[in-house]
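Shown here: work12.txt, compact mmCIF, C-alpha atoms.
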# COMPACT_ATOMS: atom_id res chain seq x y z
CA MET A 1 -83.79 105.98 199.92
CA ASP A 2 -82.18 102.65 199.25
CA LYS A 3 -78.79 102.29 200.89
CA LYS A 4 -76.98 100.60 198.04
CA TYR A 5 -77.76 103.52 195.70
CA LYS A 6 -76.77 106.12 198.25
CA LYS A 7 -73.21 104.84 198.32
CA GLN A 8 -72.52 105.88 194.74
CA ASP A 9 -70.27 108.84 194.06
CA PHE A 10 -72.56 110.47 191.56
CA LYS A 11 -74.78 113.28 192.69
CA THR A 12 -78.09 114.57 191.41
CA PRO A 13 -79.40 118.13 191.55
CA GLU A 14 -81.17 118.89 194.74
CA GLY A 15 -84.74 117.65 194.88
CA TYR A 16 -84.41 115.97 191.47
CA LEU A 17 -85.86 112.63 192.50
CA ASP A 18 -88.53 114.22 194.64
CA HIS A 19 -90.03 115.99 191.67
CA PHE A 20 -89.38 113.26 189.16
CA THR A 21 -92.76 111.53 189.44
CA GLU A 22 -94.64 114.79 188.96
CA ARG A 23 -92.52 115.78 185.96
CA MET A 24 -92.92 112.36 184.43
CA ARG A 25 -96.69 112.53 184.78
CA GLN A 26 -96.73 115.91 183.09
CA LYS A 27 -94.51 114.67 180.30
CA LEU A 28 -96.79 111.71 179.65
CA SER A 29 -99.89 113.85 179.44
CA GLU A 30 -98.11 116.08 176.92
CA GLU A 31 -97.20 113.06 174.83
CA GLU A 32 -100.75 111.76 174.80
CA ILE A 33 -102.69 112.93 171.80
CA HIS A 34 -106.36 113.47 172.27
CA LEU A 35 -108.09 112.99 168.99
CA PRO A 36 -111.23 115.11 168.84
CA GLU A 37 -114.33 113.04 169.36
CA GLN A 38 -116.38 115.05 166.92
CA ASP A 39 -115.35 115.82 163.37
CA GLY A 40 -117.07 119.20 163.10
CA PHE A 41 -119.37 118.45 160.16
CA GLU A 42 -122.85 119.94 160.22
CA VAL A 43 -126.03 119.20 158.29
CA PRO A 44 -128.48 121.84 157.00
CA LYS A 45 -131.62 122.18 159.12
CA ASP A 46 -134.42 119.75 158.24
CA TYR A 47 -132.23 118.00 155.69
CA PHE A 48 -133.10 114.50 156.88
CA GLU A 49 -136.81 115.31 157.16
CA ASN A 50 -137.12 116.14 153.47
CA LEU A 51 -134.81 113.46 152.19
CA ASN A 52 -137.39 110.70 151.66
CA GLU A 53 -139.48 112.86 149.37
CA LYS A 54 -136.46 113.89 147.30
CA ILE A 55 -135.32 110.31 146.77
CA VAL A 56 -138.77 109.00 145.84
CA GLN A 57 -139.18 111.89 143.39
CA LYS A 58 -135.80 111.15 141.83
CA ILE A 59 -136.68 107.49 141.39
CA GLN A 60 -139.90 108.41 139.61
CA ASP A 61 -138.06 110.86 137.33
CA ASN A 62 -135.49 108.24 136.50
CA GLU A 63 -138.11 105.61 135.76
CA THR A 64 -139.62 107.62 132.91
CA LYS A 65 -136.19 108.16 131.46
CA VAL A 66 -135.39 104.47 131.59
CA VAL A 67 -138.56 103.57 129.71
CA LYS A 68 -137.64 105.97 126.93
CA LEU A 69 -134.21 104.55 126.49
CA ASN A 70 -135.05 100.87 126.69
CA PRO A 71 -136.29 100.20 123.10
CA TYR A 72 -132.95 101.23 121.64
CA LYS A 73 -131.03 98.89 123.83
CA LYS A 74 -131.74 95.75 121.85
CA TYR A 75 -130.68 97.46 118.62
CA PHE A 76 -127.42 98.48 120.20
CA TYR A 77 -126.77 94.91 121.19
CA ALA A 78 -127.76 93.64 117.72
CA ALA A 79 -125.57 96.23 116.00
CA ALA A 80 -122.70 95.45 118.33
CA SER A 81 -122.93 91.70 117.66
CA ILE A 82 -123.14 92.20 113.88
CA ALA A 83 -120.15 94.50 114.02
CA ALA A 84 -118.27 91.92 116.06
CA VAL A 85 -119.06 89.14 113.55
CA LEU A 86 -118.01 91.31 110.60
CA LEU A 87 -114.84 92.23 112.38
CA VAL A 88 -113.99 88.58 112.92
CA VAL A 89 -114.82 87.61 109.32
CA PHE A 90 -112.83 90.44 107.76
CA GLY A 91 -110.11 90.07 110.32
CA LEU A 92 -109.68 86.41 109.31
CA ARG A 93 -109.69 87.28 105.63
CA LEU A 94 -107.18 90.03 106.02
CA SER A 95 -104.89 87.81 107.96
CA LYS A 96 -104.63 85.34 105.08
CA GLU A 97 -102.05 86.06 102.44
CA GLU A 98 -103.93 86.91 99.32
CA GLU A 99 -102.89 86.05 95.80
CA PHE A 100 -103.26 88.83 93.33
CA THR A 101 -105.80 87.88 90.68
CA PHE A 102 -107.14 89.47 87.51
CA GLY A 103 -110.40 90.14 89.31
CA ASP A 104 -108.66 92.44 91.72
CA LEU A 105 -107.86 94.95 88.98
CA ALA A 106 -110.16 97.87 89.12
CA ASN A 107 -112.39 98.25 86.06
CA SER A 108 -111.28 101.83 85.62
CA ASP A 109 -107.67 100.65 85.38
CA LEU A 110 -108.59 98.14 82.68
CA GLU A 111 -110.56 100.72 80.73
CA ASN A 112 -107.73 103.14 81.02
CA TYR A 113 -105.29 100.56 79.68
CA LEU A 114 -107.47 99.60 76.73
CA GLU A 115 -108.06 103.21 75.81
CA ASN A 116 -104.45 104.27 75.88
CA ASN A 117 -102.82 101.22 74.33
CA ASP A 118 -103.17 100.06 70.75
CA LEU A 119 -104.05 96.40 71.10
CA GLY A 120 -103.87 95.78 67.35
CA LEU A 121 -107.09 93.79 67.37
CA SER A 122 -109.51 93.90 64.49
CA SER A 123 -113.30 94.26 64.94
CA TYR A 124 -113.69 90.57 64.20
CA GLU A 125 -111.17 89.56 66.78
CA ILE A 126 -112.93 91.71 69.38
CA ALA A 127 -116.28 90.27 68.34
CA GLU A 128 -114.92 86.80 69.01
CA VAL A 129 -114.14 87.52 72.68
CA VAL A 130 -116.91 89.99 73.53
CA PRO A 131 -120.24 88.20 74.07
CA VAL A 132 -122.53 90.06 71.68
CA GLU A 133 -125.71 88.66 73.23
CA GLU A 134 -124.98 90.39 76.47
CA LEU A 135 -124.15 93.71 74.94
CA GLU A 136 -126.70 96.45 74.87
CA ILE A 137 -126.80 99.32 72.49
CA ASN A 138 -125.87 101.79 75.18
CA ASP A 139 -122.60 99.91 75.78
CA ILE A 140 -121.46 100.96 72.34
CA LEU A 141 -123.00 104.37 71.83
CA GLU A 142 -121.35 107.47 73.15
CA ASN A 143 -124.64 109.33 73.48
CA GLN A 144 -126.89 107.26 75.65
CA ILE A 145 -130.38 106.41 74.44
CA ASN A 146 -133.10 106.10 76.99
CA ASP A 147 -136.78 105.14 76.71
CA GLU A 148 -137.87 108.75 76.52
CA ASN A 149 -135.66 109.41 73.51
CA ILE A 150 -137.04 106.35 71.74
CA ILE A 151 -140.67 107.25 72.37
CA GLU A 152 -140.04 110.81 71.29
CA TYR A 153 -138.40 109.54 68.11
CA LEU A 154 -141.28 107.20 67.40
CA ASP A 155 -143.81 109.93 68.09
CA ASN A 156 -142.17 112.20 65.60
CA THR A 157 -141.51 109.70 62.84
CA VAL A 158 -144.15 106.98 62.95
CA ASP A 159 -147.64 107.85 61.83
CA ASP A 160 -149.51 104.99 63.35
CA VAL A 161 -148.00 104.05 66.68
CA ASP A 162 -150.42 101.15 67.09
CA GLU A 163 -148.77 99.37 64.21
CA LEU A 164 -145.63 98.94 66.30
CA ASN A 165 -147.51 96.64 68.72
CA ILE A 166 -145.92 98.27 71.73
CA GLU A 167 -147.35 97.12 75.01
CA PHE A 168 -148.42 100.45 76.36
CA ASP A 169 -148.86 99.19 79.88
CA GLU A 170 -145.14 99.24 80.27
CA TYR A 171 -144.87 102.89 79.48
CA GLU A 172 -147.90 104.22 81.23
CA GLN A 173 -147.17 105.80 84.55
CA MET B 1 -138.31 97.64 164.36
CA ILE B 2 -138.90 94.99 161.72
CA SER B 3 -136.21 92.48 160.90
CA GLU B 4 -133.94 92.84 157.89
CA GLU B 5 -135.33 89.74 156.22
CA THR B 6 -138.91 90.99 156.46
CA LEU B 7 -137.88 94.37 155.13
CA VAL B 8 -136.11 92.78 152.17
CA GLN B 9 -139.15 90.62 151.43
CA GLN B 10 -141.43 93.63 151.54
CA LEU B 11 -139.09 95.60 149.31
CA LYS B 12 -139.27 92.88 146.68
CA GLN B 13 -143.08 92.87 146.58
CA LYS B 14 -144.80 95.52 144.50
CA GLU B 15 -147.65 96.13 146.99
CA THR B 16 -145.44 96.80 149.99
CA GLN B 17 -142.48 98.25 148.10
CA ALA B 18 -143.20 101.98 148.46
CA GLN B 19 -143.93 101.81 152.15
CA SER B 20 -141.01 99.60 153.04
CA PHE B 21 -138.64 101.70 150.98
CA GLU B 22 -139.54 104.61 153.18
CA VAL B 23 -138.78 102.53 156.25
CA LEU B 24 -135.46 101.63 154.68
CA ILE B 25 -134.58 105.26 154.02
CA ASN B 26 -135.58 106.31 157.52
CA THR B 27 -133.57 103.55 159.09
CA TYR B 28 -130.36 104.10 157.19
CA LYS B 29 -130.31 107.69 155.92
CA GLU B 30 -128.33 109.17 158.80
CA ARG B 31 -125.81 106.37 159.07
CA LEU B 32 -125.16 106.33 155.35
CA TYR B 33 -125.10 110.12 155.20
CA TRP B 34 -122.27 110.30 157.72
CA HIS B 35 -120.42 107.48 156.07
CA ILE B 36 -120.51 109.26 152.72
CA ARG B 37 -119.93 112.71 154.18
CA ARG B 38 -116.64 111.61 155.71
CA ILE B 39 -115.49 110.45 152.31
CA VAL B 40 -116.63 113.32 150.10
CA LEU B 41 -116.61 116.02 152.87
CA ASP B 42 -118.96 118.48 151.13
CA HIS B 43 -122.64 118.41 152.12
CA ASP B 44 -124.11 118.93 148.64
CA ASP B 45 -121.91 116.22 147.16
CA THR B 46 -122.93 113.93 150.01
CA ASP B 47 -126.58 114.65 149.26
CA ASP B 48 -126.09 113.63 145.60
CA VAL B 49 -124.19 110.47 146.47
CA LEU B 50 -126.67 109.50 149.20
CA GLN B 51 -129.63 109.83 146.84
CA ASN B 52 -127.87 107.82 144.17
CA THR B 53 -127.07 105.18 146.76
CA PHE B 54 -130.72 104.76 147.71
CA ILE B 55 -131.75 104.71 144.05
CA LYS B 56 -129.21 101.95 143.39
CA VAL B 57 -130.47 100.03 146.41
CA PHE B 58 -134.05 100.37 145.17
CA ARG B 59 -133.17 99.26 141.65
CA ASN B 60 -131.07 96.33 142.73
CA ILE B 61 -133.06 95.00 145.65
CA GLU B 62 -134.48 92.30 143.37
CA GLY B 63 -131.00 90.91 142.94
CA PHE B 64 -130.15 91.10 146.65
CA LYS B 65 -129.61 87.48 147.61
CA GLY B 66 -129.12 87.95 151.30
CA ASP B 67 -125.59 86.50 151.23
CA SER B 68 -124.52 89.48 153.29
CA LYS B 69 -126.52 91.65 155.63
CA LEU B 70 -128.67 94.37 154.09
CA TYR B 71 -126.89 97.18 155.90
CA SER B 72 -123.45 95.99 154.85
CA TRP B 73 -124.67 95.67 151.27
CA MET B 74 -125.95 99.24 151.44
CA TYR B 75 -122.74 100.49 153.02
CA ARG B 76 -120.82 98.83 150.23
CA ILE B 77 -122.94 100.56 147.60
CA ALA B 78 -122.52 103.88 149.44
CA THR B 79 -118.74 103.42 149.63
CA ASN B 80 -118.47 102.58 145.94
CA GLU B 81 -120.72 105.47 144.96
CA ALA B 82 -118.70 107.92 147.05
CA LEU B 83 -115.33 106.73 145.72
CA THR B 84 -116.60 106.69 142.14
CA PHE B 85 -117.97 110.19 142.65
CA LEU B 86 -114.57 111.45 143.77
CA LYS B 87 -112.81 109.73 140.87
CA SER B 88 -115.10 111.29 138.28
CA LYS B 89 -114.84 114.65 140.03
CA SER B 90 -111.05 114.63 139.88
CA LYS B 91 -111.20 113.55 136.24
CA LYS B 92 -113.62 116.35 135.37
CA MET B 93 -111.46 118.92 137.11
CA GLY B 94 -108.27 117.49 135.60
CA LEU B 95 -106.74 116.93 139.05
CA SER B 96 -104.90 114.01 140.58
CA ASP B 97 -106.46 112.28 143.61
CA VAL B 98 -104.03 114.02 145.94
CA GLU B 99 -104.72 117.44 144.41
CA LEU B 100 -108.44 116.87 144.78
CA GLN B 101 -108.03 115.91 148.45
CA ASP B 102 -106.02 119.11 149.02
CA ARG B 103 -108.72 121.16 147.38
CA MET B 104 -111.46 119.44 149.40
CA ILE B 105 -109.63 120.24 152.64
CA GLY B 106 -109.10 123.81 151.45
CA ASN B 107 -112.82 124.14 150.78
CA LEU B 108 -113.63 122.90 154.29
CA GLU B 109 -112.31 126.10 155.81
CA ALA B 110 -114.92 128.12 153.96
CA ASP B 111 -117.66 125.50 154.23
CA VAL B 112 -120.71 126.80 156.10
CA TYR B 113 -121.49 123.24 157.13
CA PHE B 114 -118.10 122.65 158.70
CA GLU B 115 -117.96 124.02 162.22
CA GLY B 116 -114.72 122.36 163.18
CA ASP B 117 -112.04 124.19 165.13
CA ALA B 118 -108.36 124.24 164.26
CA ILE B 119 -107.67 120.79 165.70
CA GLN B 120 -110.64 119.25 163.89
CA LEU B 121 -109.48 120.78 160.63
CA LYS B 122 -106.04 119.39 161.28
CA LEU B 123 -107.57 116.01 161.91
CA GLN B 124 -109.35 116.13 158.56
CA LYS B 125 -106.07 117.03 156.86
CA ALA B 126 -104.41 114.07 158.53
CA ILE B 127 -107.23 111.72 157.49
CA ALA B 128 -107.11 113.04 153.92
CA ALA B 129 -103.42 112.14 153.71
CA LEU B 130 -104.11 108.48 154.56
CA PRO B 131 -104.31 105.75 151.92
CA GLU B 132 -107.90 105.04 150.86
CA LYS B 133 -108.35 101.84 152.85
CA GLN B 134 -106.95 103.28 156.08
CA LYS B 135 -109.09 106.36 155.65
CA LEU B 136 -112.25 104.25 155.34
CA VAL B 137 -111.37 102.03 158.26
CA PHE B 138 -110.48 104.97 160.50
CA ASN B 139 -113.71 106.81 159.79
CA MET B 140 -115.84 103.72 160.21
CA LYS B 141 -114.16 102.66 163.43
CA TYR B 142 -113.45 105.97 165.10
CA PHE B 143 -116.42 108.14 164.16
CA GLN B 144 -119.11 105.66 163.20
CA GLU B 145 -118.05 103.24 165.90
CA LEU B 146 -118.70 100.19 163.74
CA LYS B 147 -117.37 96.86 164.95
CA TYR B 148 -114.46 95.24 163.14
CA GLU B 149 -116.79 92.38 162.15
CA GLU B 150 -119.18 94.84 160.55
CA ILE B 151 -116.41 96.73 158.73
CA SER B 152 -115.02 93.40 157.62
CA GLU B 153 -118.29 92.50 155.96
CA ILE B 154 -118.65 95.90 154.29
CA LEU B 155 -115.11 96.19 152.97
CA GLU B 156 -114.67 92.45 152.44
CA THR B 157 -111.36 92.44 154.30
CA SER B 158 -110.23 90.21 157.15
CA VAL B 159 -110.62 91.49 160.71
CA GLY B 160 -106.88 91.12 161.26
CA GLY B 161 -106.14 93.26 158.22
CA LEU B 162 -108.60 95.89 159.41
CA LYS B 163 -107.04 96.04 162.87
CA ALA B 164 -103.64 96.57 161.30
CA SER B 165 -105.01 99.29 159.01
CA TYR B 166 -106.72 101.06 161.91
CA HIS B 167 -103.63 100.89 164.08
CA LEU B 168 -101.49 102.34 161.28
CA ALA B 169 -104.05 105.04 160.60
CA VAL B 170 -104.16 106.14 164.24
CA LYS B 171 -100.36 106.21 164.42
CA LYS B 172 -100.12 108.36 161.32
CA ILE B 173 -102.85 110.71 162.48
CA GLU B 174 -101.26 111.13 165.89
CA ALA B 175 -97.90 111.82 164.30
CA SER B 176 -99.48 114.31 161.99
CA LEU B 177 -101.31 116.10 164.84
CA LYS B 178 -98.06 116.39 166.80
CA GLU B 179 -96.39 118.23 163.96
CA ASP B 180 -96.79 121.96 163.95

So that I can check it, write out the structure of this file as structure tokens.
Amino acid sequence: MDKKYKKQDFKTPEGYLDHFTERMRQKLSEEEIHLPEQDGFEVPKDYFENLNEKIVQKIQDNETKVVKLNPYKKYFYAAASIAAVLLVVFGLRLSKEEEFTFGDLANSDLENYLENNDLGLSSYEIAEVVPVEELEINDILENQINDENIIEYLDNTVDDVDELNIEFDEYEQ
Amino acid sequence: MISEETLVQQLKQKETQAQSFEVLINTYKERLYWHIRRIVLDHDDTDDVLQNTFIKVFRNIEGFKGDSKLYSWMYRIATNEALTFLKSKSKKMGLSDVELQDRMIGNLEADVYFEGDAIQLKLQKAIAALPEKQKLVFNMKYFQELKYEEISEILETSVGGLKASYHLAVKKIEASLKED
């Protein structure tokens, strides 16, 4: 042992340094972790042998499916683009501040108002504002008259239908 | 063995497609199987993912430009397929990623295709606890013995980053194996 260390007053247990190397070696081997080289996974027997066939079969199965689905694809895209355009158009419209106009009143609201309020207008006054040319008889009558009613009426009341000069083509089915 | 470029050319031509696809499957099936198996752990799930991987490869070979190597392109597809599979599985089962990993490890003990002993099971638990990237790098480096350059091309990460990830993964696994 080295002389300069021997002079120290401290003592060590007997044989301590003699066994130190051995103990150190043991300690190091304990510290060392041996990761297993294998991970323990297994594969069923013959799995790889039959794999090619399975994959090729699956590709063929998938191909028929793809053909079936394809024709719809373009419609989806078309529908999606139309929807997108509409969304943009309506989105832009909605974002503008709208002025409330007479045209926005629902017809039913107007009818309701006219029915429940006495406007104090005479028939002549109404006739002045309502365009008579565009009116049809059914706009005025409560019981609606249709073509069948008219023909039935004519059948029952007119003796000679030919005299009315009706173009029959229009009524023949 | 034919070169990758020739194989890709043959795969793109209708007349040689079927035959060369078989060559492709035979060449890569085992490597890709083990890559996927170490991610999804269960054999049947691996089988599904592996088949889907080859189908994707077959469908997309037309678009394969050759910017990367064929095998790294296939590995990338396999990795994405496996990770997507796990994500949709956890979603379907209403579990978080961590809960799914726990369940997968739990299932290993009863798995007829897992012959691992206690230490191997412990190793799988330790790997499962790693972040995704470290898990991939550890499996690819330690078990598949891929080179850092190869892993770098597959995962599109720098070699330096991969070395750091692997080092961290090994440290964590060792620490985890020391615990009792």

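Rounded to one decimal, CA of Leu41 in chain B and CA of Leu123 in chain B lie 12.8 Å from each other.
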
key: Local residues around (-104.1, 106.9, 160.7), at most 9 Å away, using all atoms listed in the file, as a PyMOL selection string   = chain B and resi 126-127+129-131+134-135+138+165-176

task = Enumerate as a list of chain:residue names the residues belonging to chain B that approach chain A to within 7 Å, with all atoms listed in the file taken into account.
result = B:Glu22, B:Ile25, B:Gln51, B:Ile55, B:Tyr113, B:Phe114, B:Glu115, B:Gly116, B:Gln120, B:Glu174

key: Nearby residues (only C-alpha atoms) at most 9 Å from range 68-71 of chain B, same-chain spacing under 4 positions excluded, as a ChimeraX atom specification   = /B:4-5,8,28,64,75-76,153-154

inquiry  = Report, in Å with one decimal, the straight-line distance from CA of Asn117 in chain A to CA of Leu141 in chain A.
reply    =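 Rounded to one decimal, the two atoms are 20.6 Å apart.
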
request  = Mind checking which residues fall within 12 Å of Ser90 in chain B, counting all atoms listed in the file, ignoring those fewer than 2 positions away in the same chain, and posting them as a PyMOL selection string?
outcome  = chain B and resi 40+83-88+92-104

key: Length of the CA of Asn165 in chain A to CA of Asn149 in chain A vector [Å]   =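 CA of Asn149 in chain A lies at a distance of 18.1 Å from CA of Asn165 in chain A.
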